[in-house]
Every structure is written in C-alpha cells, then in structure tokens.
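Here is the structure we will look at, set down as structure tokens.
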Amino acid sequence: MSHSADNSVPTVEPREQKINLLGLSASRLEEFFIELGEKRFRATQVMKWIHQAGVDDFAQMSNVAKPLREKLAAIAEIRAPEVVERHDSVDGTCKWIIRVEGGSCIETVYIPERDRGTLCVSSQVGCSLDCSFCATGKQGFNRDLTAAEIIGQVWIAAKHFGQFDSKATRRVTNVVMMGMGEPLMNYRNVVDAMSLMLADNGYGLSKRRVTLSTAGVVPMIEKLGDEIDVSLAISLHAPNDELRNELVPINRKYPLAQLIDASRRYLTKMPDIHRKITVEYTLIDQVNDRREHAEQLAALLVDLPCKINLIPFNPFDAVDYRKVSNNSLHRFRDILQQAGYIVTVRTTRGDDIAAACGQLAGSVNDKTRRSERHRAKRAAREEIIASG
Ligand code: SAH
C-alpha cells in the first residue's frame with residue numbers, strides 16, 4: 001500500500017450510490033428501517049452488528065432474515081474509509097493515514113496508556129480555521145468529514161486491535177475530537193458520530209471518555225450543550241484577546257469573555273455537578289509562556305470550573321515558533337498550581353511518526369488557497385533571511 005502525496009488528482013471510483021449505514025445514528029438508522037417498511041428493532045440489530053461485532057457484510061448478520069439481508073445488500077453498504085498506511089511509534093502510539101472520498105488523506109492517532117487507550121479523531125479534511133501554530137491549519141481546508149468517515153476512524157481502530165471479537169490486545173476506551181479540523185464547524189456529523197460512540201448499542205463509551213475540543217465556536221457550544229452530553233475542552237492558548245487574536249484568529253469573532261461564558265453555561269446544562277472544562281494551552285517559547293501570561297490566565301479562569309492542560313508546542317516545518325523551555329514550563333505550571341488550579345502537562349507521544357499534537361497534516365486538496373499563501377509567505381521570509 002502506498003500513500004499518495006498527490007494533492008491534485010482525486011481518485012474516486014465510479015459506483016452506484018448506496019446508502020452507507022456506518023454513519024447513521026440510532027435514530028437515523030431507525031428512520032431508515034421504518035422507511036423500508038421494517039420493524040424498529042432491526043435498527044438495533046444492525047447497529048450492534050456494525051459497531052459491536054465490526055461486521056461490514058450483511059450476509060453475516062445471522063439474526064436478520066435472509067430476504068431483508070438481500071434487500072439491504074442491494075441498497076445499502078457499510079463502508080469505512082480506506083486505510084492507506086499505518087505507522088507505529090516506538091512508544092506504542094499508532095497513526096493511520098486514511099484516504100477519504102475526493103482523494104485527500106486524514107490522520108487518526110491511537111495513544112496507549114497503562115489503563116486506557118485514547119483515539120484522537122479528525123473531523124474535517126484540513127481545517128476551516130487557521131491557528132498560527134497548528135500544522136493542520138497550514139494545509140488549508142477541503143471539506144467536512146461525513147459521520148461515516150468520523151465514526152469510521154473508531155471502527156478502523158477497534159477492528160485493528162481485535163476489539164470486536166474480545167481477543168483485544170488493546171482497546172479504544174477514550175475518544176478525543178482533537179485530530180484534524182474544528183469539530184464545531186462540522187456540527188451535525190460530529191454530533192451524530194459522537195452519539196454512536198456513546199450509544200449502548202454502539203461503542204458504549206461513557207460521556208466522560210468522549211471529549212470534544214474546540215477553538216471556540218461559541219454559538220455551537222451553546223447548541224452542543226442542548227443536544228449531547230460529552231466532555232468539553234477549549235483551546236485557549238492565550239490569556240488576553242490581543243494575543244489570542246493573533247494565535248487563534250476565530251477569537252476576533254468570539255472573544256475570550258464570550259468563550260468562557262459559553263463554557264460555563266455548558267457545564268450548567270450537564271447533570272453532573274463535578275464536571276470540569278479542560279482548558280488546553282499550548283506553550284510557545286517567548287510568545288505565551290511568560291510569568292504575566294500565567295497570572296492573567298489564573299485570573300481569567302477564576303469563575304470557570306476547569307482543569308488546565310499545558311501542551312508544550314510541537315515544532316513542524318512551516319513555522320518559526322519554538323518549544324517552550326523547561327524552566328518556563330515549570331514556572332507557568334507552578335503559578336497556576338499556586339493559584340489553586342489542577343494542572344497537567346501533556347507528554348509528547350508519537351513524535352517519531354509525526355503523530356504529536358498539532359503535527360497532523362494528512363494530505364489535503366486545499367480548496368482555500370490558504371496553504372499556497374502560507375508557502376509563499378514562508379518562501380519570501382526565507383529569501384529575506386538568505387539575502388542577509
Ligand atoms: N480545532 C479543535 C480540535 C483540534 S485539537 C481545537 O482547536 O481544539 C488539537 C489540539 O492540539 C489543540 O489544543 C491545538 O491547539 C493543539 N495544537 C495545535 N498545534 C499544536 C502544536 N504545534 N503543538 C502542540 N499543540 C498543538
């Protein structure tokens with residue numbers, strides 16, 4: 001299998017349009033069977049076959065009557081996106097390169113820990129935002145992933161680890177929507193896919209083990225809280241609007257005060273009073289890692305039940321930012337801890353296979369010309385440096 005880096009030629013095989021059942025939430029699957037004139041419980045049966053047994057062939061669905069199986073095979077399919085490569089890191093982290101319809105590739109990462117296994121799932125081909133320190137952003141944007149392509153990443157990982165036949169070497173116990181893309185810019189498909197992660201007849205993950213991370217699409221945070229109960233992480237990265245406008249441009253539209261407010265309201269909608277928002281803060285050397293930044297952050301979050309996850313910036317080719325020094329990292333952490341916050345430092349995993357946070361780049365047929373602009377800017381900068 002080879003991974004094509006070709007950005008321009010889509011490879012789509014012509015085929016008749018069958019409905020892909022992989023991405024249908026429980027309620028959509030029920031609607032599908034009712035429209036076929038079938039009983040509701042067929043949806044439960046088929047959902048279990050797909051997401052608990054990992055079956056993608058109707059012929060194997062032994063408790064479904066044969067005529068119905070044949071009817072299903074004629075009009076529907078269960079199709080995960082195509083894995084083109086898998087990379088295994090020395091630390092056990094594993095990254096899949098997955099080709100989606102249209103020819104672009106997305107990436108999915110599995111991070112094993114002693115007592116759990118976290119799958120980092122992508123929501124878009126590229127990203128519709130353009131955060132200054134993120135490799136995905138530099139790739140531009142092609143399109144939203146379908147619900148089948150999103151849940152398909154979980155299905156592929158579960159299948160790989162043998163999770164479906166209980167001989168599992170490892171399992172997916174947690175999902176974080178922290179791969180490529182901004183999940184709240186692909187709201188409907190992400191919510192449908194997450195509902196399958198949570199569903200008893202799906203992957204049955206607890207709501208504390210499914211986390212959506214957002215750069216701050218405020219109106220969608222409101223909507224999310226009305227519809228589904230998952231853990232919420234916000235990508236803050238700066239303690240004031242001036243700096244955040246520069247690092248996370250969507251801040252110009254939805255400034256910090258609005259984001260913090262929406263996050264607080266999100267928690268009040270949840271039944272569990274002990275829940276906390278995870279605040280992600282990528283530390284970049286000399287940019288957002290100073291003493292006063294930590295102090296501002298401590299003041300900013302004072303009314304938000306939260307824990308803070310510090311992420312040392314992972315360098316990649318297209319930017320000049322540097323990783324935070326150990327001294328600044330510790331100083332930053334200590335200031336927040338002394339202010340009473342729970343602070344964790346995210347350890348870098350899988351950087352030998354470019355699977356660390358912010359390094360997921362896939363190969364995106366960019367529709368925005370953003371990647372081209374970034375390349376041109378960089379070339380101009382290098383020319384200035386070269387000419388002294
Ligand atoms: N768009 C969503 C989901 C992506 S999450 C969001 O922004 O939350 C990816 C996480 O990795 C975010 O917290 C992001 O800010 C962080 N990240 C991005 N680039 C990084 C880099 N180069 N080094 C470390 N962390 C990075």
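The way I read the labels, and the way they are meant: chains A, B, ... in the order of the structure tokens, residue 1 as the first residue of every chain, and ligand 1 as the first ligand shown, with later ones counted on from there.
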
**Message:** Taking only C-alpha atoms and all ligand atoms and a cut-off of 6 Å, can you tell me which residues surround ligand 1, written as a list in words?
**Reply:** Phe133, Cys134, Met178, Gly179, Met180, Gly181, Glu182, Ser213, Thr214, Ala215, Ile234, Ser235, Glu280, Thr282, Ile311, Pro312, Phe313, Asn314, Pro315, Cys357, Gly358 and Gln359 of chain A

**Message:** Would you pick out the contacts of Arg265 (chain A) at 12 Å or less, using only C-alpha atoms, so that residues sharing its chain but fewer than 2 positions from it are not included, and give the list as a list in words?
**Reply:**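 Neighbouring residues, sequence-local ones excluded: Val218, Pro219, Ile221, Glu222, Lys223, Leu224, Gly225, Asp226, Leu232, Gln258, Leu259, Ile260, Asp261, Ala262, Ser263, Leu267, Thr268, Lys269, Met270, Lys276, Ile277, Asp303, Leu304 and Pro305 of chain A.
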
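Excluding Lys367 (chain A) itself and same-chain residues fewer than 4 positions from it, the residues having an atom within 8 Å of it are Gly140, Phe141 and Asn142 of chain A, counting only C-alpha atoms.
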
Write the residues you've just listed into a file as a CSV table (one decimal), in the first residue's frame, and include C-alpha atoms for each of them.
```csv
chain,number,residue,atom,x,y,z
A,140,GLY,CA,-5.9,24.7,4.2
A,141,PHE,CA,-9.3,23.2,4.0
A,142,ASN,CA,-11.1,20.8,1.7
```

**Prompt:** What's the 9 Å shell around Ile111 (chain A), counting only C-alpha atoms, without same-chain residues fewer than 3 positions away, as a list of chain:residue names?
**Reply:**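 Using only C-alpha atoms, the neighbours found are A:Asp91, A:Gly92, A:Thr93, A:Cys94, A:Lys95, A:Arg116, A:Gly117, A:Thr118, A:Leu119, A:Cys120, A:Arg349, A:Gly350.
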
Closest atom pairs, region 26-139 of chain A residues within 12 Å of region 187-201 of chain A, only C-alpha atoms, as CSV:
```
residue,atom,partner,partner_atom,distance
A:Ala26,CA,A:Leu196,CA,7.3
A:Ser27,CA,A:Asp192,CA,9.5
A:Arg28,CA,A:Asp192,CA,9.1
A:Leu29,CA,A:Leu196,CA,11.0
A:Phe41,CA,A:Asn201,CA,11.5
A:Ala43,CA,A:Asn201,CA,9.9
A:Thr44,CA,A:Asn201,CA,6.8
A:Gln45,CA,A:Asn201,CA,8.6
A:Val46,CA,A:Asn201,CA,9.5
A:Met47,CA,A:Asn201,CA,6.4
A:Lys48,CA,A:Asn201,CA,5.5
A:Trp49,CA,A:Asn201,CA,9.2
A:Ile50,CA,A:Asn201,CA,9.6
A:His51,CA,A:Asn201,CA,7.5
A:Gln52,CA,A:Asn201,CA,7.2
A:Ala53,CA,A:Asn201,CA,10.5
A:Leu119,CA,A:Met197,CA,11.5
A:Val121,CA,A:Val190,CA,10.3
A:Ser122,CA,A:Val190,CA,9.6
A:Ser123,CA,A:Val190,CA,6.8
A:Gln124,CA,A:Val190,CA,9.6
```

Requested write-out: C-alpha atoms of the selected residues, as an mmCIF file, in the first residue's frame:
```cif
data_model
loop_
_atom_site.group_PDB
_atom_site.id
_atom_site.type_symbol
_atom_site.label_atom_id
_atom_site.label_comp_id
_atom_site.auth_asym_id
_atom_site.auth_seq_id
_atom_site.Cartn_x
_atom_site.Cartn_y
_atom_site.Cartn_z
ATOM 1 C CA ALA A 26 -29.539 5.194 16.252
ATOM 2 C CA SER A 27 -32.458 7.456 15.358
ATOM 3 C CA ARG A 28 -31.396 7.783 11.715
ATOM 4 C CA LEU A 29 -30.986 4.041 11.411
ATOM 5 C CA PHE A 41 -35.744 -3.367 16.290
ATOM 6 C CA ALA A 43 -32.042 -0.903 13.601
ATOM 7 C CA THR A 44 -30.769 -2.164 16.959
ATOM 8 C CA GLN A 45 -29.722 -5.493 15.459
ATOM 9 C CA VAL A 46 -27.859 -3.935 12.562
ATOM 10 C CA MET A 47 -26.267 -1.283 14.783
ATOM 11 C CA LYS A 48 -24.843 -3.998 17.025
ATOM 12 C CA TRP A 49 -23.510 -5.924 14.043
ATOM 13 C CA ILE A 50 -21.741 -2.853 12.742
ATOM 14 C CA HIS A 51 -20.378 -1.242 15.884
ATOM 15 C CA GLN A 52 -20.095 -4.148 18.327
ATOM 16 C CA ALA A 53 -19.217 -7.014 16.011
ATOM 17 C CA LEU A 119 -8.136 7.639 19.953
ATOM 18 C CA VAL A 121 -10.175 11.515 15.769
ATOM 19 C CA SER A 122 -10.300 14.003 12.864
ATOM 20 C CA SER A 123 -13.449 15.932 11.970
ATOM 21 C CA GLN A 124 -12.517 17.775 8.775
#
```

**Request:** Find the residues near Phe161 (chain A): any atom within 6 Å, counting only C-alpha atoms, skip ones fewer than 5 places away on the same chain, and give them as a list of chain:residue names.
**Result:**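 Surrounding residues, per the criterion: A:Ala168, A:Thr169, A:Arg170.
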
Would you pick out the contacts of region 344-347 of chain A at 9 Å or less, using only C-alpha atoms, so that residues sharing its chain but fewer than 4 positions from it are not included, and give the list as a short mmCIF file (atom, residue, chain, number, x, y, z; two decimals) with N, CA and C atoms, in the first residue's frame?
```cif
data_model
loop_
_atom_site.label_atom_id
_atom_site.label_comp_id
_atom_site.auth_asym_id
_atom_site.auth_seq_id
_atom_site.Cartn_x
_atom_site.Cartn_y
_atom_site.Cartn_z
N LYS A 307 -9.91 22.26 34.55
CA LYS A 307 -8.54 21.83 34.78
C LYS A 307 -7.74 22.29 33.57
N ILE A 308 -6.47 22.54 33.81
CA ILE A 308 -5.67 23.14 32.74
C ILE A 308 -4.66 22.13 32.23
N ASN A 309 -4.65 21.95 30.92
CA ASN A 309 -3.73 21.01 30.30
C ASN A 309 -2.70 21.82 29.49
N LEU A 310 -1.47 21.80 29.96
CA LEU A 310 -0.41 22.54 29.25
C LEU A 310 0.21 21.62 28.20
N ILE A 311 0.32 22.13 26.98
CA ILE A 311 0.86 21.32 25.88
C ILE A 311 2.12 22.01 25.36
N PRO A 312 3.30 21.45 25.61
CA PRO A 312 4.49 22.07 25.02
C PRO A 312 4.34 22.08 23.49
N LEU A 329 8.14 26.33 31.35
CA LEU A 329 7.03 25.38 31.53
C LEU A 329 6.75 25.17 33.02
N ARG A 333 3.43 26.32 35.14
CA ARG A 333 2.64 25.33 35.87
C ARG A 333 2.54 25.71 37.35
#
```

**Request:** Could you pull out the residues in region 138-298 of chain A that DSSP calls strand (DSSP E or B) from the backbone, as a list in words?
**Result:** Phe141, Asn142, Arg143, Asp144, Asn174, Val175, Val176, Met177, Val210, Thr211, Leu212, Ser213, Thr214, Ser231, Leu232, Ala233, Ile234, Ser235, Ile277, Thr278, Val279, Glu280, Tyr281, Thr282, Leu283 and Ile284 of chain A

Taking C-alpha atoms for each residue, export the selection above as a PDB file, in the first residue's frame.
```
ATOM      1  CA  PHE A 141      -9.321  23.165   4.034  1.00  0.00           C
ATOM      2  CA  ASN A 142     -11.090  20.777   1.707  1.00  0.00           C
ATOM      3  CA  ARG A 143     -14.360  19.667   3.280  1.00  0.00           C
ATOM      4  CA  ASP A 144     -16.175  18.364   6.319  1.00  0.00           C
ATOM      5  CA  ASN A 174     -11.457   7.168  25.190  1.00  0.00           C
ATOM      6  CA  VAL A 175     -12.056   9.348  22.167  1.00  0.00           C
ATOM      7  CA  VAL A 176     -10.864  12.917  21.801  1.00  0.00           C
ATOM      8  CA  MET A 177     -12.060  15.012  18.867  1.00  0.00           C
ATOM      9  CA  VAL A 210     -15.612  11.297  24.858  1.00  0.00           C
ATOM     10  CA  THR A 211     -14.143  14.780  24.592  1.00  0.00           C
ATOM     11  CA  LEU A 212     -14.843  17.455  22.035  1.00  0.00           C
ATOM     12  CA  SER A 213     -12.143  20.073  21.693  1.00  0.00           C
ATOM     13  CA  THR A 214     -12.916  23.440  20.140  1.00  0.00           C
ATOM     14  CA  SER A 231     -16.702  16.408  27.920  1.00  0.00           C
ATOM     15  CA  LEU A 232     -15.675  19.771  26.557  1.00  0.00           C
ATOM     16  CA  ALA A 233     -12.145  21.051  26.032  1.00  0.00           C
ATOM     17  CA  ILE A 234     -11.394  24.587  24.895  1.00  0.00           C
ATOM     18  CA  SER A 235      -8.201  25.508  23.075  1.00  0.00           C
ATOM     19  CA  ILE A 277     -13.951  22.042  31.334  1.00  0.00           C
ATOM     20  CA  THR A 278     -10.470  21.143  30.112  1.00  0.00           C
ATOM     21  CA  VAL A 279      -8.536  24.251  29.153  1.00  0.00           C
ATOM     22  CA  GLU A 280      -5.808  23.487  26.617  1.00  0.00           C
ATOM     23  CA  TYR A 281      -2.874  25.848  26.483  1.00  0.00           C
ATOM     24  CA  THR A 282      -0.071  25.233  24.005  1.00  0.00           C
ATOM     25  CA  LEU A 283       3.094  26.822  25.367  1.00  0.00           C
ATOM     26  CA  ILE A 284       5.258  28.524  22.759  1.00  0.00           C
TER      27      ILE A 284
END
```

Could you give me, as JSON lines, every region 75-105 of chain A residue with an atom at most 8 Å from region 56-61 of chain A, plus its closest atom pair and distance in Å to one decimal, counting only C-alpha atoms, rows ordered by chain then number?
```
{"residue": "A:Glu77", "atom": "CA", "partner": "A:Asp56", "partner_atom": "CA", "distance": 7.5}
{"residue": "A:Ile78", "atom": "CA", "partner": "A:Asp56", "partner_atom": "CA", "distance": 5.1}
{"residue": "A:Arg79", "atom": "CA", "partner": "A:Asp56", "partner_atom": "CA", "distance": 6.9}
```

How would the residues just chosen look if you wrote them out with C-alpha atoms as a short mmCIF file (atom, residue, chain, number, x, y, z; two decimals), in the first residue's frame?
```cif
data_model
loop_
_atom_site.label_atom_id
_atom_site.label_comp_id
_atom_site.auth_asym_id
_atom_site.auth_seq_id
_atom_site.Cartn_x
_atom_site.Cartn_y
_atom_site.Cartn_z
CA GLU A 77 -23.47 -0.71 2.40
CA ILE A 78 -21.24 -0.50 5.46
CA ARG A 79 -18.13 1.23 4.25
#
```

**Prompt:** Hey, what does DSSP flag as alpha helix (DSSP H) within region 27-102 of chain A? Can you give it to me as a PyMOL selection string?
**Reply:** chain A and resi 27-35+41-51+66-75

**For CA of Arg171 (chain A) and CA of Gly202 (chain A), the interatomic separation in Å (one decimal)** =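 Computed distance, CA of Arg171 (chain A) to CA of Gly202 (chain A), equals 14.3 Å.
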
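With only C-alpha atoms as the basis for measurement, A:Arg42 is the residue among A:His160, A:Arg331, A:Arg42, A:Arg322 that approaches Leu72 (chain A) most closely.
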
**Item:** For Val217 (chain A): contacts at 9 Å, only C-alpha atoms, fewer than 6 positions along chain excluded, given as number ranges by chain
**Value:** A: 182, 184-185, 250-251, 253-254, 259

**Request:** Record the distance separating CA of Leu236 (chain A) and CA of Ile150 (chain A), expressed in Å with one decimal.
**Result:**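 Answer for the CA of Leu236 (chain A) to CA of Ile150 (chain A) separation: 24.3 Å.
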
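Proximity of A:Ser328, A:Thr108, A:Arg208, A:Ala379 to Ile228 (chain A), computed with only C-alpha atoms, is greatest for A:Arg208.
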